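Novice: Next comes my_file.txt, compact mmCIF, C-alpha atoms and all ligand atoms:
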# COMPACT_ATOMS: atom_id res chain seq x y z
CA MET A 1 0.00 0.00 0.00
CA GLY A 2 1.41 3.44 -0.99
CA SER A 3 1.51 6.05 1.76
CA ALA A 4 -1.20 8.24 0.16
CA GLU A 5 -3.61 5.31 0.16
CA LYS A 6 -3.55 5.22 3.92
CA LEU A 7 -5.81 8.27 4.15
CA VAL A 8 -8.50 6.78 1.91
CA ASP A 9 -12.01 6.70 3.32
CA ASN A 10 -14.76 4.15 2.72
CA TRP A 11 -15.80 5.92 -0.48
CA GLY A 12 -12.32 6.04 -2.02
CA ARG A 13 -11.58 9.70 -1.27
CA VAL A 14 -7.91 10.39 -0.59
CA HIS A 15 -7.37 12.94 2.19
CA ASP A 16 -4.18 14.82 1.46
CA GLN A 17 -5.27 18.27 2.68
CA LEU A 18 -5.46 19.60 6.23
CA ARG A 19 -6.84 22.98 7.27
CA ILE A 20 -5.35 24.13 10.51
CA SER A 21 -6.97 26.90 12.51
CA VAL A 22 -4.22 28.62 14.49
CA THR A 23 -6.57 30.81 16.53
CA ASP A 24 -10.27 31.51 16.96
CA ARG A 25 -9.50 35.20 17.54
CA CYS A 26 -10.03 37.80 14.87
CA ASN A 27 -9.45 41.51 14.37
CA LEU A 28 -12.67 41.75 12.30
CA ARG A 29 -16.22 40.84 13.21
CA CYS A 30 -17.98 39.75 10.04
CA LEU A 31 -21.70 39.66 10.70
CA TYR A 32 -22.18 36.25 9.03
CA CYS A 33 -19.31 34.68 10.98
CA MET A 34 -18.49 36.14 14.38
CA GLY A 35 -21.13 38.83 14.70
CA ARG A 36 -20.85 41.85 16.94
CA GLN A 37 -21.67 40.35 20.32
CA PRO A 38 -18.62 39.81 22.52
CA ALA A 39 -17.06 36.54 21.42
CA SER A 40 -15.90 34.07 24.04
CA TYR A 41 -12.46 33.13 22.79
CA LEU A 42 -10.43 30.10 23.73
CA SER A 43 -7.86 30.69 26.44
CA ARG A 44 -4.26 30.84 25.28
CA SER A 45 -3.45 27.54 26.98
CA ALA A 46 -6.28 25.87 25.06
CA LEU A 47 -4.64 26.62 21.72
CA LEU A 48 -2.33 24.07 20.18
CA THR A 49 1.24 25.34 20.37
CA TYR A 50 3.27 25.54 17.17
CA GLU A 51 5.33 22.59 18.41
CA GLU A 52 2.16 20.52 18.87
CA ILE A 53 0.89 21.45 15.41
CA ILE A 54 4.20 20.47 13.83
CA ARG A 55 4.32 17.16 15.71
CA PHE A 56 0.84 16.34 14.46
CA VAL A 57 1.59 17.33 10.86
CA ARG A 58 4.77 15.23 10.87
CA ALA A 59 2.75 12.20 11.90
CA VAL A 60 0.01 12.74 9.31
CA ALA A 61 2.46 13.56 6.50
CA LYS A 62 3.71 10.00 6.88
CA LEU A 63 0.19 8.84 6.04
CA GLY A 64 0.06 10.92 2.85
CA LEU A 65 -0.86 14.46 3.94
CA ARG A 66 0.54 16.84 1.31
CA HIS A 67 -1.16 20.24 1.63
CA VAL A 68 -1.63 22.40 4.69
CA ARG A 69 -3.75 25.55 4.75
CA LEU A 70 -3.57 27.88 7.76
CA THR A 71 -6.74 29.65 8.76
CA GLY A 72 -8.67 30.85 11.81
CA GLY A 73 -10.16 33.13 13.15
CA GLU A 74 -7.66 35.47 11.61
CA PRO A 75 -4.39 33.53 11.39
CA LEU A 76 -2.29 36.70 11.23
CA VAL A 77 -3.29 37.77 14.74
CA ARG A 78 -1.33 34.77 16.08
CA LYS A 79 2.22 35.72 17.00
CA ASP A 80 4.99 34.96 14.50
CA LEU A 81 3.04 32.98 11.94
CA PRO A 82 6.02 32.91 9.53
CA ALA A 83 7.87 30.70 12.04
CA LEU A 84 5.07 28.14 11.84
CA VAL A 85 4.98 28.38 8.04
CA ALA A 86 8.71 27.73 7.81
CA SER A 87 8.52 24.69 10.09
CA LEU A 88 5.52 23.23 8.23
CA ALA A 89 7.12 23.81 4.83
CA ALA A 90 10.14 21.83 6.06
CA VAL A 91 8.12 18.75 7.12
CA GLU A 92 8.99 15.83 4.88
CA GLY A 93 6.11 15.11 2.50
CA ILE A 94 4.45 18.53 2.79
CA GLU A 95 4.39 20.02 -0.70
CA ASP A 96 2.43 23.17 -0.12
CA VAL A 97 1.61 25.56 2.72
CA SER A 98 -1.10 28.15 2.05
CA LEU A 99 -3.08 30.73 3.99
CA THR A 100 -6.62 32.08 4.19
CA THR A 101 -6.71 35.61 5.61
CA ASN A 102 -8.93 38.65 5.76
CA GLY A 103 -5.94 40.55 4.37
CA SER A 104 -6.04 43.44 6.83
CA LEU A 105 -2.60 42.61 8.31
CA LEU A 106 -0.96 41.44 5.09
CA SER A 107 0.87 44.70 4.43
CA GLN A 108 3.03 43.80 7.44
CA TRP A 109 3.25 40.04 6.87
CA ALA A 110 3.17 39.29 3.13
CA SER A 111 6.96 39.40 2.58
CA PRO A 112 7.96 37.51 5.77
CA LEU A 113 5.38 34.82 4.92
CA LYS A 114 6.68 34.47 1.38
CA GLU A 115 10.24 34.20 2.66
CA ALA A 116 9.14 31.56 5.15
CA GLY A 117 7.86 29.37 2.31
CA LEU A 118 4.18 30.27 1.95
CA ARG A 119 3.13 29.54 -1.63
CA ARG A 120 -0.49 30.59 -1.98
CA VAL A 121 -2.77 33.14 -0.34
CA ASN A 122 -6.55 33.40 -0.35
CA ILE A 123 -7.77 36.84 0.69
CA SER A 124 -11.35 37.27 1.82
CA LEU A 125 -12.93 40.38 0.36
CA ASP A 126 -16.69 40.49 0.01
CA CYS A 127 -17.14 43.98 -1.43
CA LEU A 128 -15.30 47.06 -2.67
CA CYS A 129 -17.52 49.73 -1.15
CA PRO A 130 -15.80 51.09 2.01
CA ALA A 131 -19.09 51.75 3.82
CA LYS A 132 -20.53 48.32 3.04
CA TYR A 133 -17.21 46.70 3.99
CA HIS A 134 -17.23 48.47 7.34
CA TRP A 135 -20.85 47.53 7.97
CA LEU A 136 -20.25 43.84 7.17
CA THR A 137 -16.88 43.33 8.86
CA GLY A 138 -16.33 46.20 11.29
CA GLY A 139 -12.99 46.83 9.53
CA GLU A 140 -11.52 49.28 7.04
CA LEU A 141 -11.42 48.38 3.36
CA ASP A 142 -8.30 50.44 2.86
CA SER A 143 -6.15 48.18 5.06
CA VAL A 144 -7.23 45.14 3.03
CA LEU A 145 -6.47 46.85 -0.27
CA LYS A 146 -3.00 47.72 1.04
CA GLY A 147 -2.58 44.10 2.12
CA VAL A 148 -3.62 42.83 -1.32
CA ASP A 149 -1.12 45.19 -2.91
CA CYS A 150 1.71 43.90 -0.69
CA ALA A 151 0.71 40.30 -1.41
CA CYS A 152 0.89 41.02 -5.15
CA ARG A 153 4.39 42.45 -4.74
CA ALA A 154 5.60 39.59 -2.54
CA GLY A 155 5.42 37.15 -5.46
CA PHE A 156 3.20 34.29 -4.23
CA ASP A 157 2.46 31.49 -6.73
CA THR A 158 -1.25 32.33 -6.62
CA ILE A 159 -3.50 34.88 -4.98
CA LYS A 160 -7.23 34.26 -4.86
CA ILE A 161 -9.84 36.76 -3.76
CA ASN A 162 -12.71 34.99 -1.96
CA ALA A 163 -16.08 36.70 -1.76
CA VAL A 164 -19.04 35.26 0.12
CA ALA A 165 -22.20 35.66 -1.97
CA ILE A 166 -25.03 37.14 0.08
CA ARG A 167 -28.47 38.13 -1.22
CA HIS A 168 -29.26 41.85 -1.10
CA PHE A 169 -25.58 42.58 -0.51
CA SER A 170 -23.41 41.01 -3.18
CA GLU A 171 -25.41 41.66 -6.35
CA SER A 172 -23.83 45.06 -7.00
CA GLU A 173 -20.35 43.84 -6.00
CA ILE A 174 -19.96 40.95 -8.43
CA ILE A 175 -18.67 42.91 -11.42
CA PRO A 176 -16.49 45.36 -9.41
CA LEU A 177 -14.85 42.42 -7.60
CA ALA A 178 -14.31 40.55 -10.87
CA GLU A 179 -12.76 43.66 -12.45
CA PHE A 180 -10.56 44.23 -9.41
CA ALA A 181 -9.25 40.66 -9.49
CA ARG A 182 -8.64 40.80 -13.24
CA ARG A 183 -6.68 44.00 -12.80
CA ILE A 184 -4.34 42.56 -10.15
CA GLY A 185 -3.96 39.14 -11.80
CA ALA A 186 -5.81 37.18 -9.10
CA GLU A 187 -8.55 34.58 -9.42
CA ILE A 188 -11.87 35.77 -8.03
CA ARG A 189 -14.01 33.15 -6.28
CA PHE A 190 -17.61 33.53 -5.21
CA ILE A 191 -18.73 31.23 -2.41
CA GLU A 192 -22.33 30.72 -1.38
CA LEU A 193 -22.96 31.84 2.18
CA MET A 194 -23.57 28.90 4.49
CA PRO A 195 -25.97 29.62 7.34
CA SER A 196 -24.28 29.30 10.73
CA PRO A 197 -25.81 29.18 14.19
CA GLN A 198 -27.71 32.43 14.76
CA ASP A 199 -26.53 33.22 18.26
CA ASN A 200 -24.51 36.32 17.51
CA GLY A 201 -27.22 38.96 17.16
CA SER A 202 -26.53 39.40 13.43
CA PRO A 203 -29.21 40.12 10.88
CA HIS A 204 -30.53 37.12 8.96
CA PHE A 205 -28.48 36.61 5.80
CA GLU A 206 -29.58 34.61 2.80
CA PRO A 207 -27.15 33.03 0.39
CA LEU A 208 -27.01 34.30 -3.18
CA PRO A 209 -27.05 31.05 -5.20
CA ALA A 210 -24.08 30.28 -7.44
CA SER A 211 -26.42 30.10 -10.44
CA GLU A 212 -27.35 33.78 -9.93
CA VAL A 213 -23.70 34.81 -9.59
CA LEU A 214 -22.90 33.01 -12.83
CA ALA A 215 -25.88 34.65 -14.57
CA ALA A 216 -24.77 38.12 -13.43
CA LEU A 217 -21.24 37.51 -14.69
CA GLU A 218 -22.44 36.19 -18.03
CA ALA A 219 -24.87 39.09 -18.45
CA HIS A 220 -21.89 41.42 -18.19
CA TYR A 221 -19.05 39.52 -19.85
CA GLY A 222 -20.81 37.03 -22.14
CA LYS A 223 -20.55 33.26 -21.88
CA LEU A 224 -17.80 32.16 -19.48
CA VAL A 225 -15.60 29.29 -20.60
CA PRO A 226 -15.30 26.39 -18.11
CA LEU A 227 -11.69 25.50 -17.54
CA GLU A 228 -11.01 21.95 -18.67
CA GLN A 229 -8.21 21.29 -16.23
CA THR A 230 -10.15 22.37 -13.09
CA SER A 231 -8.86 20.09 -10.34
CA ALA A 232 -11.36 17.31 -9.70
CA LYS A 233 -10.79 17.94 -6.01
CA SER A 234 -11.46 21.67 -6.10
CA PRO A 235 -14.87 22.69 -4.80
CA ALA A 236 -14.91 25.50 -7.37
CA THR A 237 -16.01 25.35 -10.96
CA VAL A 238 -13.44 27.58 -12.60
CA TYR A 239 -14.16 29.62 -15.73
CA LYS A 240 -12.12 31.81 -18.05
CA PHE A 241 -13.49 35.22 -18.93
CA PRO A 242 -14.40 35.33 -22.65
CA ASP A 243 -11.58 37.82 -23.37
CA GLY A 244 -9.06 35.38 -21.86
CA ASN A 245 -8.08 37.77 -19.05
CA GLY A 246 -8.43 36.11 -15.68
CA LEU A 247 -10.26 33.29 -13.92
CA VAL A 248 -13.42 33.14 -11.86
CA GLY A 249 -14.28 30.29 -9.50
CA ILE A 250 -17.82 29.67 -8.40
CA ILE A 251 -18.39 27.55 -5.32
CA PRO A 252 -21.94 26.33 -4.75
CA ALA A 253 -21.09 25.40 -1.17
CA LEU A 254 -24.73 25.15 -0.21
CA THR A 255 -26.74 24.28 -3.30
CA ARG A 256 -24.40 21.64 -4.76
CA PRO A 257 -22.29 19.88 -2.15
CA PHE A 258 -18.85 18.81 -3.37
CA CYS A 259 -18.67 15.87 -0.96
CA ALA A 260 -17.87 13.34 -3.72
CA THR A 261 -14.40 14.79 -4.20
CA CYS A 262 -13.75 16.13 -0.67
CA ASN A 263 -10.15 15.51 0.35
CA ARG A 264 -10.00 17.65 3.51
CA LEU A 265 -9.54 17.21 7.19
CA ARG A 266 -9.72 20.11 9.66
CA LEU A 267 -7.94 20.79 12.91
CA SER A 268 -9.48 23.44 15.13
CA ALA A 269 -7.41 25.90 17.16
CA ASP A 270 -7.97 23.80 20.29
CA GLY A 271 -6.92 20.63 18.55
CA LYS A 272 -10.21 18.98 17.55
CA LEU A 273 -9.90 17.00 14.34
CA ARG A 274 -13.01 17.02 12.10
CA ASN A 275 -13.61 15.15 8.88
CA CYS A 276 -16.32 17.52 7.55
CA LEU A 277 -17.34 21.14 8.06
CA PHE A 278 -20.86 19.94 8.77
CA ALA A 279 -19.89 17.15 11.18
CA PHE A 280 -20.56 17.40 14.90
CA GLU A 281 -18.16 14.59 15.74
CA SER A 282 -14.51 15.39 16.49
CA TRP A 283 -11.36 13.69 17.72
CA ASP A 284 -9.37 15.32 20.52
CA ILE A 285 -5.83 15.60 19.18
CA ARG A 286 -4.73 18.10 21.82
CA ALA A 287 -5.50 15.64 24.62
CA LEU A 288 -3.42 12.99 22.88
CA LEU A 289 -0.52 15.34 22.21
CA ARG A 290 -0.47 16.57 25.80
CA ARG A 291 -0.59 13.01 27.10
CA GLY A 292 2.55 12.31 25.10
CA ALA A 293 0.86 9.97 22.62
CA SER A 294 3.14 8.18 20.18
CA GLU A 295 3.20 8.99 16.48
CA LYS A 296 1.48 5.65 15.86
CA THR A 297 -1.37 6.53 18.22
CA LEU A 298 -1.84 9.92 16.51
CA GLN A 299 -1.92 8.19 13.14
CA GLU A 300 -4.48 5.64 14.36
CA ILE A 301 -6.81 8.44 15.45
CA VAL A 302 -6.48 10.23 12.11
CA LEU A 303 -7.24 6.99 10.29
CA ALA A 304 -10.29 6.50 12.54
CA ALA A 305 -11.49 10.02 11.64
CA VAL A 306 -11.04 9.34 7.92
CA ASN A 307 -12.73 5.97 8.24
CA ALA A 308 -15.74 7.53 9.98
CA LYS A 309 -16.36 10.12 7.26
CA TRP A 310 -19.88 10.10 5.90
CA GLN A 311 -20.50 9.80 2.18
CA SER A 312 -22.09 13.24 1.96
CA ARG A 313 -23.52 15.89 4.21
CA PRO A 314 -27.31 16.44 4.47
CA GLU A 315 -28.87 17.53 1.19
CA PRO A 316 -29.55 21.25 0.66
CA GLU A 317 -33.29 20.50 0.40
CA ASP A 318 -33.05 20.16 4.16
CA LYS A 319 -34.09 23.69 5.08
CA ASN A 320 -32.51 23.32 8.51
CA LEU A 321 -29.04 22.79 7.12
CA ARG A 322 -26.62 24.90 9.15
CA LEU A 323 -22.96 24.79 9.97
CA PRO A 324 -22.71 23.19 13.42
CA MET A 325 -20.57 26.12 14.53
CA PRO A 326 -19.48 29.48 13.08
CA MET A 327 -16.52 29.38 10.70
CA TYR A 328 -14.17 31.24 13.03
CA ARG A 329 -14.50 28.32 15.45
CA ALA A 330 -14.44 25.53 12.88
CA GLY A 331 -11.52 26.98 10.93
CA GLY A 332 -13.02 27.99 7.61
N1 LIG B 401 -10.26 35.28 8.95
C1 LIG B 401 -9.83 34.66 7.75
C2 LIG B 401 -10.64 35.14 6.56
O1 LIG B 401 -11.67 35.76 6.77
O2 LIG B 401 -10.23 34.84 5.45
C3 LIG B 401 -9.83 33.14 7.80
C4 LIG B 401 -10.96 32.49 8.52
S1 LIG B 401 -12.55 32.76 7.78
C5 LIG B 401 -13.57 31.83 8.87
C6 LIG B 401 -12.39 31.80 6.30
C7 LIG B 401 -13.43 32.03 5.24
O3 LIG B 401 -14.69 31.62 5.72
C8 LIG B 401 -13.59 33.49 4.84
O4 LIG B 401 -13.42 33.59 3.44
C9 LIG B 401 -15.01 33.82 5.21
O5 LIG B 401 -15.60 34.74 4.34
C10 LIG B 401 -15.65 32.45 5.13
N2 LIG B 401 -16.89 32.33 5.90
C11 LIG B 401 -17.11 32.63 7.18
N3 LIG B 401 -18.39 32.36 7.53
C12 LIG B 401 -18.98 31.86 6.41
C13 LIG B 401 -20.28 31.39 6.11
N4 LIG B 401 -21.24 31.38 7.05
N5 LIG B 401 -20.52 30.93 4.86
C14 LIG B 401 -19.55 30.93 3.92
N6 LIG B 401 -18.30 31.36 4.14
C15 LIG B 401 -18.02 31.83 5.36
FE1 LIG B 402 -12.84 37.06 11.16
FE2 LIG B 402 -12.63 35.70 8.89
FE3 LIG B 402 -14.76 35.33 10.51
FE4 LIG B 402 -14.51 37.63 9.22
S1 LIG B 402 -14.78 35.60 8.30
S2 LIG B 402 -15.02 37.37 11.41
S3 LIG B 402 -12.35 37.91 9.15
S4 LIG B 402 -12.69 34.84 10.98
Re-express the file's structure as structure tokens.

Specialist:
Amino acid sequence: MGSAEKLVDNWGRVHDQLRISVTDRCNLRCLYCMGRQPASYLSRSALLTYEEIIRFVRAVAKLGLRHVRLTGGEPLVRKDLPALVASLAAVEGIEDVSLTTNGSLLSQWASPLKEAGLRRVNISLDCLCPAKYHWLTGGELDSVLKGVDCACRAGFDTIKINAVAIRHFSESEIIPLAEFARRIGAEIRFIELMPSPQDNGSPHFEPLPASEVLAALEAHYGKLVPLEQTSAKSPATVYKFPDGNGLVGIIPALTRPFCATCNRLRLSADGKLRNCLFAFESWDIRALLRRGASEKTLQEIVLAAVNAKWQSRPEPEDKNLRLPMPMYRAGG
């Protein structure tokens, strides 16, 4: 058996990607994620240390883990993230370390991250109107635009701009965001909003379906051309603009689950391993690490998590479908 085959679940999906949340803290307060009520954050001692994260990744890389994406919360509020990037990039078997960030601290960190070995950056940017941005996130658009600019200069392999598609909010932002991404040479991706538990006092948000985003783009640009070599494992359907300038990914996270090709595991900031964003079940990696578990024991638990993965999450017809917890806790 080849090493990659060891992370194969009961439906033949190979799990070579791990999303690691390095903190549940954030310097923004997006209404659809954290909301504006005071968040109860994990205590510092509850967070996995960098050493613990690296120990875990070393063990799983021997089972075939190849890609690590750092997320949060806002990963750049955790101290000295480049040090973690450098250590992860040096783990034998790890081919790629990437980051999902709100971009507001990138002007400070883009170059150090690139030097540390970060290859790819996804920057979350839902709109280009400063007032709307402030309303939705509590932050300043200008700091994100500066961060995007620094990321462009730092020379990452790819930069993607991720926009959550929200009804009555995103419609007028689709073309400006697409134009912005085309101008800076980034791929723009629109992701359907996924309802999360409504305990944060936020207004009720409805997703804007991927089909409507595609229709708006095609009404403006003409027929988009699906990219033939879109990775089978990518949740996005990627299109070329008709003039050949730029790419747009559309992710129907809610209306068309991409479970059949899901290759991801997730580790929360407090060390809970999950095999699906929608799963309630988790495996307590932190407890094992702090009990001094052997590499073999860690690997057995990861294999148990992969083995327990369901074939697909509940169908979108289920009107009650919600994320079990907000993304800043799950590690989006
Ligand atoms: N703070 C970083 C950021 O915003 O990029 C990383 C963590 S954030 C939880 C990761 C991604 O999850 C962001 O692109 C954010 O827009 C997205 N997200 C958060 N809540 C979501 C929801 N309910 N539905 C869809 N995407 C969501
Ligand atoms: Fe923070 Fe990202 Fe959640 Fe916004 S989406 S509140 S930036 S963790």

Novice: Which residue is closest to A:Lys132? Choose from A:Leu48, A:Ala89, A:Leu31, A:Ala178 and count all atoms listed in the file.

Specialist: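 Among A:Leu48, A:Ala89, A:Leu31, A:Ala178, it is A:Leu31 that comes nearest to A:Lys132.
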
Novice: Give me the box for ligand LIG 401 (chain B) as JSON, namely the centre and edge lengths in Å to one decimal of a box along x, y and z that holds every listed atom plus 8 Å on each side.

Specialist:
{"center_x": -15.5, "center_y": 33.3, "center_z": 6.2, "size_x": 27.4, "size_y": 20.8, "size_z": 21.5}

Novice: Within 6 Å of (1.7, 16.7, 3.6) in the file's own coordinates, which protein, DNA or RNA residues have an atom, counting only C-alpha atoms? List them as a list in words.

Specialist: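 Final list of nearby residues, as requested, is Ala61, Leu65, Arg66, His67, Gly93 and Ile94 of chain A.
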
Novice: When distances are computed from all atoms listed in the file, which of A:Phe190, A:Phe258, A:Phe280, A:Tyr221 shows the smallest separation from A:Val238?

Specialist: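 Looking at the shortest contact to A:Val238, the residue is A:Phe190.
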
Novice: As a quick test: using all atoms listed in the file, which residues lie no more than 8 Å away from ligand LIG 402 (chain B)? Give them as a PDB file with C-alpha atoms, in the coordinates of the input.

Specialist:
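Saved to out-v6.pdb:
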ATOM      1  CA  ASP A  24     -10.270  31.510  16.960  1.00  0.00           C
ATOM      2  CA  ARG A  25      -9.500  35.200  17.540  1.00  0.00           C
ATOM      3  CA  CYS A  26     -10.030  37.800  14.870  1.00  0.00           C
ATOM      4  CA  ASN A  27      -9.450  41.510  14.370  1.00  0.00           C
ATOM      5  CA  LEU A  28     -12.670  41.750  12.300  1.00  0.00           C
ATOM      6  CA  ARG A  29     -16.220  40.840  13.210  1.00  0.00           C
ATOM      7  CA  CYS A  30     -17.980  39.750  10.040  1.00  0.00           C
ATOM      8  CA  LEU A  31     -21.700  39.660  10.700  1.00  0.00           C
ATOM      9  CA  TYR A  32     -22.180  36.250   9.030  1.00  0.00           C
ATOM     10  CA  CYS A  33     -19.310  34.680  10.980  1.00  0.00           C
ATOM     11  CA  MET A  34     -18.490  36.140  14.380  1.00  0.00           C
ATOM     12  CA  GLY A  35     -21.130  38.830  14.700  1.00  0.00           C
ATOM     13  CA  GLY A  72      -8.670  30.850  11.810  1.00  0.00           C
ATOM     14  CA  GLY A  73     -10.160  33.130  13.150  1.00  0.00           C
ATOM     15  CA  GLU A  74      -7.660  35.470  11.610  1.00  0.00           C
ATOM     16  CA  THR A 101      -6.710  35.610   5.610  1.00  0.00           C
ATOM     17  CA  ASN A 102      -8.930  38.650   5.760  1.00  0.00           C
ATOM     18  CA  SER A 124     -11.350  37.270   1.820  1.00  0.00           C
ATOM     19  CA  THR A 137     -16.880  43.330   8.860  1.00  0.00           C
ATOM     20  CA  PRO A 326     -19.480  29.480  13.080  1.00  0.00           C
ATOM     21  CA  MET A 327     -16.520  29.380  10.700  1.00  0.00           C
ATOM     22  CA  TYR A 328     -14.170  31.240  13.030  1.00  0.00           C
ATOM     23  CA  GLY A 331     -11.520  26.980  10.930  1.00  0.00           C
ATOM     24  CA  GLY A 332     -13.020  27.990   7.610  1.00  0.00           C
TER      25      GLY A 332
END

Novice: Using all atoms listed in the file, determine which residues lie at most 10 Å from A:Ser172, disregarding the query and same-chain residues fewer than 2 positions distant; provide the list as a short mmCIF file (atom, residue, chain, number, x, y, z; two decimals) with C-alpha atoms, keeping the file's coordinate frame.

Specialist:
data_model
loop_
_atom_site.label_atom_id
_atom_site.label_comp_id
_atom_site.auth_asym_id
_atom_site.auth_seq_id
_atom_site.Cartn_x
_atom_site.Cartn_y
_atom_site.Cartn_z
CA CYS A 127 -17.14 43.98 -1.43
CA LEU A 128 -15.30 47.06 -2.67
CA CYS A 129 -17.52 49.73 -1.15
CA HIS A 168 -29.26 41.85 -1.10
CA PHE A 169 -25.58 42.58 -0.51
CA SER A 170 -23.41 41.01 -3.18
CA ILE A 174 -19.96 40.95 -8.43
CA ILE A 175 -18.67 42.91 -11.42
CA PRO A 176 -16.49 45.36 -9.41
CA LEU A 177 -14.85 42.42 -7.60
CA ALA A 216 -24.77 38.12 -13.43
#

Novice: Name the residues within 12 Å of (-23.8, 33.4, -16.4), counting only C-alpha atoms in the file's coordinates, and put them as an MDAnalysis selection string.

Specialist: chainID A and resid 174:175 209:226 239:242 248 250

Novice: Out of A:Lys296, A:Arg44, A:Lys160, A:Arg274, which residue has the shortest atom-to-atom distance to ligand LIG 401 (chain B) when counting only C-alpha atoms and all ligand atoms?

Specialist: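 Checking each candidate against ligand LIG 401 (chain B), we get A:Lys160 as the closest.
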
Novice: Under the rule that all atoms listed in the file are counted, which of A:Arg78, A:Arg13, A:Arg189, A:Lys114 is the nearest residue to A:Ala260?

Specialist: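 Using all atoms listed in the file, the shortest distance to A:Ala260 belongs to A:Arg13.
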
Novice: Using all atoms listed in the file, which of A:Glu187, A:Glu51, A:Ile20, A:Arg291 sits nearest ligand LIG 401 (chain B)?

Specialist: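 Residue with the minimum atom-to-atom distance to ligand LIG 401 (chain B): A:Ile20.
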
Novice: Considering all atoms listed in the file, can you say which of A:Glu95, A:Ala90, A:Asn263, A:Asn162 comes closest to A:Ile123?

Specialist: A:Asn162

Novice: Please indicate the distance in Å from atom C15 of ligand LIG 401 (chain B) to atom CA of A:Ile161, rounded to one decimal place.

Specialist: 13.2 Å

Novice: Please report the interatomic distance between atom CA of A:Ile184 and atom CA of A:Cys152 in Å with one decimal.

Specialist: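 These two atoms are separated by 7.4 Å.
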
Novice: What separation in Å, quoted to one decimal, exists between atom CA of A:Leu76 and atom CA of A:Gln299?

Specialist: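 Atom-to-atom, atom CA of A:Leu76 to atom CA of A:Gln299, that is 28.6 Å.
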
Novice: Pick out the residues sitting within 9 Å of stretch 5-9 of chain A, and hand them over as a list in words; count all atoms listed in the file, and ignore anything fewer than 3 positions along from it in its own chain.

Specialist: Met1, Gly2, Gly12, Arg13, Val14, His15, Asp16, Val60, Leu63, Gly64, Leu65, Val302, Leu303, Ala305, Val306, Asn307, Ala308, Lys309 and Trp310 of chain A

Novice: Can you give me N, CA and C atoms for stretch 175-189 of chain A, written as a PDB file, in the coordinates of the input?

Specialist:
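Wrote part35.pdb, looks like this:
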ATOM      1  N   ILE A 175     -19.496  42.440 -10.292  1.00  0.00           N
ATOM      2  CA  ILE A 175     -18.670  42.910 -11.420  1.00  0.00           C
ATOM      3  C   ILE A 175     -17.472  43.736 -10.905  1.00  0.00           C
ATOM      4  N   PRO A 176     -17.672  44.658  -9.923  1.00  0.00           N
ATOM      5  CA  PRO A 176     -16.490  45.360  -9.410  1.00  0.00           C
ATOM      6  C   PRO A 176     -15.422  44.416  -8.859  1.00  0.00           C
ATOM      7  N   LEU A 177     -15.839  43.366  -8.142  1.00  0.00           N
ATOM      8  CA  LEU A 177     -14.850  42.420  -7.600  1.00  0.00           C
ATOM      9  C   LEU A 177     -14.145  41.665  -8.727  1.00  0.00           C
ATOM     10  N   ALA A 178     -14.916  41.274  -9.742  1.00  0.00           N
ATOM     11  CA  ALA A 178     -14.310  40.550 -10.870  1.00  0.00           C
ATOM     12  C   ALA A 178     -13.308  41.456 -11.581  1.00  0.00           C
ATOM     13  N   GLU A 179     -13.672  42.716 -11.772  1.00  0.00           N
ATOM     14  CA  GLU A 179     -12.760  43.660 -12.450  1.00  0.00           C
ATOM     15  C   GLU A 179     -11.501  43.897 -11.621  1.00  0.00           C
ATOM     16  N   PHE A 180     -11.703  44.031 -10.320  1.00  0.00           N
ATOM     17  CA  PHE A 180     -10.560  44.230  -9.410  1.00  0.00           C
ATOM     18  C   PHE A 180      -9.586  43.065  -9.520  1.00  0.00           C
ATOM     19  N   ALA A 181     -10.115  41.848  -9.455  1.00  0.00           N
ATOM     20  CA  ALA A 181      -9.250  40.660  -9.490  1.00  0.00           C
ATOM     21  C   ALA A 181      -8.539  40.559 -10.840  1.00  0.00           C
ATOM     22  N   ARG A 182      -9.264  40.852 -11.911  1.00  0.00           N
ATOM     23  CA  ARG A 182      -8.640  40.800 -13.240  1.00  0.00           C
ATOM     24  C   ARG A 182      -7.478  41.791 -13.332  1.00  0.00           C
ATOM     25  N   ARG A 183      -7.701  42.956 -12.719  1.00  0.00           N
ATOM     26  CA  ARG A 183      -6.680  44.000 -12.800  1.00  0.00           C
ATOM     27  C   ARG A 183      -5.394  43.588 -12.071  1.00  0.00           C
ATOM     28  N   ILE A 184      -5.545  42.896 -10.935  1.00  0.00           N
ATOM     29  CA  ILE A 184      -4.340  42.560 -10.150  1.00  0.00           C
ATOM     30  C   ILE A 184      -3.800  41.169 -10.485  1.00  0.00           C
ATOM     31  N   GLY A 185      -4.456  40.470 -11.399  1.00  0.00           N
ATOM     32  CA  GLY A 185      -3.960  39.140 -11.800  1.00  0.00           C
ATOM     33  C   GLY A 185      -4.284  38.047 -10.804  1.00  0.00           C
ATOM     34  N   ALA A 186      -5.393  38.218 -10.065  1.00  0.00           N
ATOM     35  CA  ALA A 186      -5.810  37.180  -9.100  1.00  0.00           C
ATOM     36  C   ALA A 186      -7.050  36.473  -9.621  1.00  0.00           C
ATOM     37  N   GLU A 187      -7.278  35.258  -9.112  1.00  0.00           N
ATOM     38  CA  GLU A 187      -8.550  34.580  -9.420  1.00  0.00           C
ATOM     39  C   GLU A 187      -9.593  35.082  -8.439  1.00  0.00           C
ATOM     40  N   ILE A 188     -10.777  35.383  -8.929  1.00  0.00           N
ATOM     41  CA  ILE A 188     -11.870  35.770  -8.030  1.00  0.00           C
ATOM     42  C   ILE A 188     -12.766  34.549  -7.821  1.00  0.00           C
ATOM     43  N   ARG A 189     -13.137  34.298  -6.559  1.00  0.00           N
ATOM     44  CA  ARG A 189     -14.010  33.150  -6.280  1.00  0.00           C
ATOM     45  C   ARG A 189     -15.218  33.625  -5.472  1.00  0.00           C
TER      46      ARG A 189
END
